[in-house]
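Student: Next up is a structure, given as structure tokens.
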Amino acid sequence: MTSLSDFIHRFQLQLPAQPTSLASNQRNAAVLLPIICKPEPSLLLTQRSQSLRSHAGQIAFPGGVTDPDDNSLIATALREAEEEVNIPQDKVQILGQLAPLDSSGGYRVTPIIGLIPPLIPFQTNPTEVARIFEVPLFDALSLRHYRYLDIKRRNQQHRIYFYWHQEQMIWGLTAEIIYQLAQQVQKSP
């Protein structure tokens, strides 16, 4: 891929992979994969606040648990992105979503892909987000940058993905989501 329009074309031509099994839980969550539409597009990521009860300090996408008032998983992702990093909901152009993944915390997480303009004044909600950073989109979508570790948890095999950007390690569900997106857009249409 060499351009954002090529990425969008490839993303829209490929159906997302379906989960290999049904979720054993009913708790839904959604994350927004915000792609910043710059000449060199980037993917916006956050580092979670150290004061959070779960996954403190980890790298994540803006997102969270579905509220009863959310009328869709897209609404969840947009609401959470606005709450966490001040992305106005009306500034996000939704491209689609990836197949949901089950988190180690018992949530079924649906990644929502959205394009955002380059001049949004991001602002972190310090109770949830310690910092914001960007990763070049095409670097993140290069499958050769990923490593993995197979582990056994609760008598089941799990593959944990890792991706390094500069001195920042992106791993776990966040890396798996980006890897899933990379696999989807690398397929020949």
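Within each chain, counting starts at residue 1; across the structure tokens, chains are named A, B, ... in the order shown, with ligands numbered 1 upward in that order.
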List the neighbours of segment 66-83 of chain A out to 7 Å using only C-alpha atoms; skip same-chain residues closer than 5 positions along the sequence, and give me the result as a PyMOL selection string.
Tutor: chain A and resi 28-32+88-89+112+125
Student: Go ahead and write the residues just picked, N, CA, C and O atoms, as a PDB file, in the first residue's frame.
Tutor:
ATOM      1  N   ASN A  28     -20.087  -6.296  26.076  1.00  0.00           N
ATOM      2  CA  ASN A  28     -19.583  -5.722  24.838  1.00  0.00           C
ATOM      3  C   ASN A  28     -18.797  -4.441  25.087  1.00  0.00           C
ATOM      4  O   ASN A  28     -19.117  -3.670  25.987  1.00  0.00           O
ATOM      5  N   ALA A  29     -17.795  -4.239  24.257  1.00  0.00           N
ATOM      6  CA  ALA A  29     -16.989  -3.024  24.268  1.00  0.00           C
ATOM      7  C   ALA A  29     -16.624  -2.718  22.824  1.00  0.00           C
ATOM      8  O   ALA A  29     -16.711  -3.584  21.946  1.00  0.00           O
ATOM      9  N   ALA A  30     -16.229  -1.478  22.591  1.00  0.00           N
ATOM     10  CA  ALA A  30     -15.791  -1.083  21.251  1.00  0.00           C
ATOM     11  C   ALA A  30     -14.641  -0.094  21.383  1.00  0.00           C
ATOM     12  O   ALA A  30     -14.574   0.662  22.350  1.00  0.00           O
ATOM     13  N   VAL A  31     -13.733  -0.152  20.421  1.00  0.00           N
ATOM     14  CA  VAL A  31     -12.630   0.802  20.357  1.00  0.00           C
ATOM     15  C   VAL A  31     -12.635   1.461  18.993  1.00  0.00           C
ATOM     16  O   VAL A  31     -13.064   0.866  18.000  1.00  0.00           O
ATOM     17  N   LEU A  32     -12.173   2.696  18.958  1.00  0.00           N
ATOM     18  CA  LEU A  32     -12.033   3.417  17.701  1.00  0.00           C
ATOM     19  C   LEU A  32     -10.579   3.362  17.271  1.00  0.00           C
ATOM     20  O   LEU A  32      -9.679   3.652  18.062  1.00  0.00           O
ATOM     21  N   PRO A  88     -14.208  14.952  18.364  1.00  0.00           N
ATOM     22  CA  PRO A  88     -15.633  15.208  18.171  1.00  0.00           C
ATOM     23  C   PRO A  88     -16.271  14.115  17.298  1.00  0.00           C
ATOM     24  O   PRO A  88     -15.735  13.766  16.246  1.00  0.00           O
ATOM     25  N   GLN A  89     -17.396  13.601  17.752  1.00  0.00           N
ATOM     26  CA  GLN A  89     -18.049  12.497  17.049  1.00  0.00           C
ATOM     27  C   GLN A  89     -18.388  12.848  15.603  1.00  0.00           C
ATOM     28  O   GLN A  89     -18.286  12.001  14.714  1.00  0.00           O
ATOM     29  N   ILE A 112     -13.630  -0.418  15.578  1.00  0.00           N
ATOM     30  CA  ILE A 112     -14.309   0.433  14.606  1.00  0.00           C
ATOM     31  C   ILE A 112     -13.240   1.294  13.930  1.00  0.00           C
ATOM     32  O   ILE A 112     -12.464   1.969  14.606  1.00  0.00           O
ATOM     33  N   ASN A 125      -8.186  13.028  28.727  1.00  0.00           N
ATOM     34  CA  ASN A 125      -8.914  13.006  29.986  1.00  0.00           C
ATOM     35  C   ASN A 125      -7.958  12.316  30.960  1.00  0.00           C
ATOM     36  O   ASN A 125      -7.775  11.103  30.877  1.00  0.00           O
TER      37      ASN A 125
END
Student: Give me, as a list in words, all polymer residues having an atom no more than 7 Å from Ile113 of chain A, counting only C-alpha atoms and skipping those fewer than 5 positions away in the same chain.
Tutor: Leu32, Leu33, Pro34, Ile94, Leu95, Gly96 and Gln97 of chain A
Student: Rounded to one decimal, what separation in Å do you get between atom CA of Met169 of chain A and atom CA of Pro111 of chain A?
Tutor: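 We find that atom CA of Met169 of chain A and atom CA of Pro111 of chain A lie 19.8 Å from each other.
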Student: For the structure I just gave you, how does DSSP split segment 8-175 of chain A - specifically, which residues are strand (DSSP E)? Reply as number ranges by chain.
Tutor: A: 27-36, 42-48, 59-60, 63-65, 93-97, 101-102, 107-116, 129-136, 146-153, 156-165, 168-171
Student: Skipping near chain neighbours, those fewer than 4 positions away, what residues fall within 10 Å of Leu141 of chain A using only C-alpha atoms, listed as a VMD selection string?
Tutor: chain A and resid 1 7 43 136 to 137 145 to 146 178 to 186
Student: Skip Ile116 of chain A itself and residues of its chain fewer than 3 positions away, then list as JSON, numbers by chain all residues within 8 Å of it, counting only C-alpha atoms.
Tutor: {"A": [34, 35, 36, 37, 91, 92, 93, 120]}
Student: Create the file for the chosen residues now, containing all heavy atoms and written as a short mmCIF file (atom, residue, chain, number, x, y, z; two decimals), in the first residue's frame.
Tutor:
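Just written: part.cif:
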data_model
loop_
_atom_site.label_atom_id
_atom_site.label_comp_id
_atom_site.auth_asym_id
_atom_site.auth_seq_id
_atom_site.Cartn_x
_atom_site.Cartn_y
_atom_site.Cartn_z
N PRO A 34 -8.57 5.42 15.24
CA PRO A 34 -8.60 6.71 14.54
C PRO A 34 -7.41 6.85 13.59
O PRO A 34 -6.26 6.85 14.01
CB PRO A 34 -8.52 7.75 15.65
CG PRO A 34 -8.42 7.00 16.94
CD PRO A 34 -8.15 5.57 16.61
N ILE A 35 -7.71 6.94 12.31
CA ILE A 35 -6.67 7.16 11.29
C ILE A 35 -6.68 8.64 10.97
O ILE A 35 -7.69 9.18 10.50
CB ILE A 35 -6.93 6.31 10.04
CG1 ILE A 35 -6.88 4.82 10.41
CG2 ILE A 35 -5.93 6.67 8.94
CD1 ILE A 35 -7.31 3.90 9.30
N ILE A 36 -5.57 9.30 11.24
CA ILE A 36 -5.46 10.74 11.00
C ILE A 36 -5.07 10.94 9.54
O ILE A 36 -4.03 10.45 9.08
CB ILE A 36 -4.44 11.38 11.96
CG1 ILE A 36 -4.83 11.09 13.41
CG2 ILE A 36 -4.36 12.89 11.71
CD1 ILE A 36 -3.79 11.48 14.44
N CYS A 37 -5.89 11.68 8.82
CA CYS A 37 -5.73 11.86 7.37
C CYS A 37 -4.73 12.98 7.07
O CYS A 37 -5.10 14.10 6.72
CB CYS A 37 -7.08 12.17 6.73
SG CYS A 37 -8.27 10.85 6.92
N LYS A 91 -16.74 14.55 13.59
CA LYS A 91 -15.53 14.68 12.76
C LYS A 91 -14.98 13.33 12.32
O LYS A 91 -13.96 13.26 11.64
CB LYS A 91 -14.43 15.43 13.52
CG LYS A 91 -14.80 16.85 13.88
CD LYS A 91 -14.87 17.72 12.67
CE LYS A 91 -15.12 19.16 13.07
NZ LYS A 91 -15.45 19.99 11.93
N VAL A 92 -15.64 12.24 12.73
CA VAL A 92 -15.16 10.90 12.41
C VAL A 92 -15.96 10.34 11.24
O VAL A 92 -17.19 10.29 11.29
CB VAL A 92 -15.28 9.94 13.62
CG1 VAL A 92 -14.75 8.56 13.27
CG2 VAL A 92 -14.56 10.50 14.83
N GLN A 93 -15.24 9.92 10.20
CA GLN A 93 -15.87 9.25 9.06
C GLN A 93 -15.66 7.74 9.26
O GLN A 93 -14.53 7.25 9.14
CB GLN A 93 -15.25 9.70 7.74
CG GLN A 93 -15.82 8.98 6.53
CD GLN A 93 -15.04 9.26 5.26
OE1 GLN A 93 -14.25 10.19 5.18
NE2 GLN A 93 -15.26 8.42 4.26
N ILE A 120 -7.44 18.21 14.54
CA ILE A 120 -8.25 18.11 15.75
C ILE A 120 -7.35 18.38 16.96
O ILE A 120 -6.27 17.79 17.09
CB ILE A 120 -8.89 16.72 15.88
CG1 ILE A 120 -9.96 16.55 14.81
CG2 ILE A 120 -9.49 16.50 17.27
CD1 ILE A 120 -10.62 15.20 14.79
#
Student: If you run DSSP on the backbone, which residues of segment 44-85 of chain A are alpha helix (DSSP H), as a count of residues only?
Tutor: 13
Student: Restricting the calculation to only C-alpha atoms: of A:Trp171, A:Phe11, A:Phe138, A:Tyr161, which residue gets closest to Gln47 of chain A?
Tutor: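 Of A:Trp171, A:Phe11, A:Phe138, A:Tyr161, the one nearest Gln47 of chain A is A:Trp171, counting only C-alpha atoms.
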Student: Tell me, in Å to one decimal, how far atom CA of Ser103 of chain A is from atom CA of Thr127 of chain A.
Tutor: 21.8 Å
Student: Report as a PyMOL selection string all protein, DNA and RNA residues lying within 10 Å of Ser104 of chain A, evaluated on only C-alpha atoms, omitting residues in the same chain fewer than 3 positions from it.
Tutor: chain A and resi 101+107-108+153+172-173
Student: Please, could you write that set of residues out with C-alpha atoms as an mmCIF file, in the first residue's frame?
Tutor:
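The file below, again35.cif, is the result:
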data_model
loop_
_atom_site.group_PDB
_atom_site.id
_atom_site.type_symbol
_atom_site.label_atom_id
_atom_site.label_comp_id
_atom_site.auth_asym_id
_atom_site.auth_seq_id
_atom_site.Cartn_x
_atom_site.Cartn_y
_atom_site.Cartn_z
ATOM 1 C CA LEU A 101 -12.130 -10.136 19.626
ATOM 2 C CA TYR A 107 -15.157 -8.385 27.027
ATOM 3 C CA ARG A 108 -16.090 -8.857 23.404
ATOM 4 C CA ARG A 153 -3.722 -19.592 29.996
ATOM 5 C CA GLY A 172 -1.769 -7.734 23.579
ATOM 6 C CA LEU A 173 -5.234 -6.927 22.277
#
Student: Would you please work out which residue, of A:Lys152, A:Ala175, A:Leu115, A:Asp139, is nearest to Asp90 of chain A when using only C-alpha atoms?
Tutor: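 Looking only at the distances to Asp90 of chain A, the closest residue turns out to be A:Leu115.
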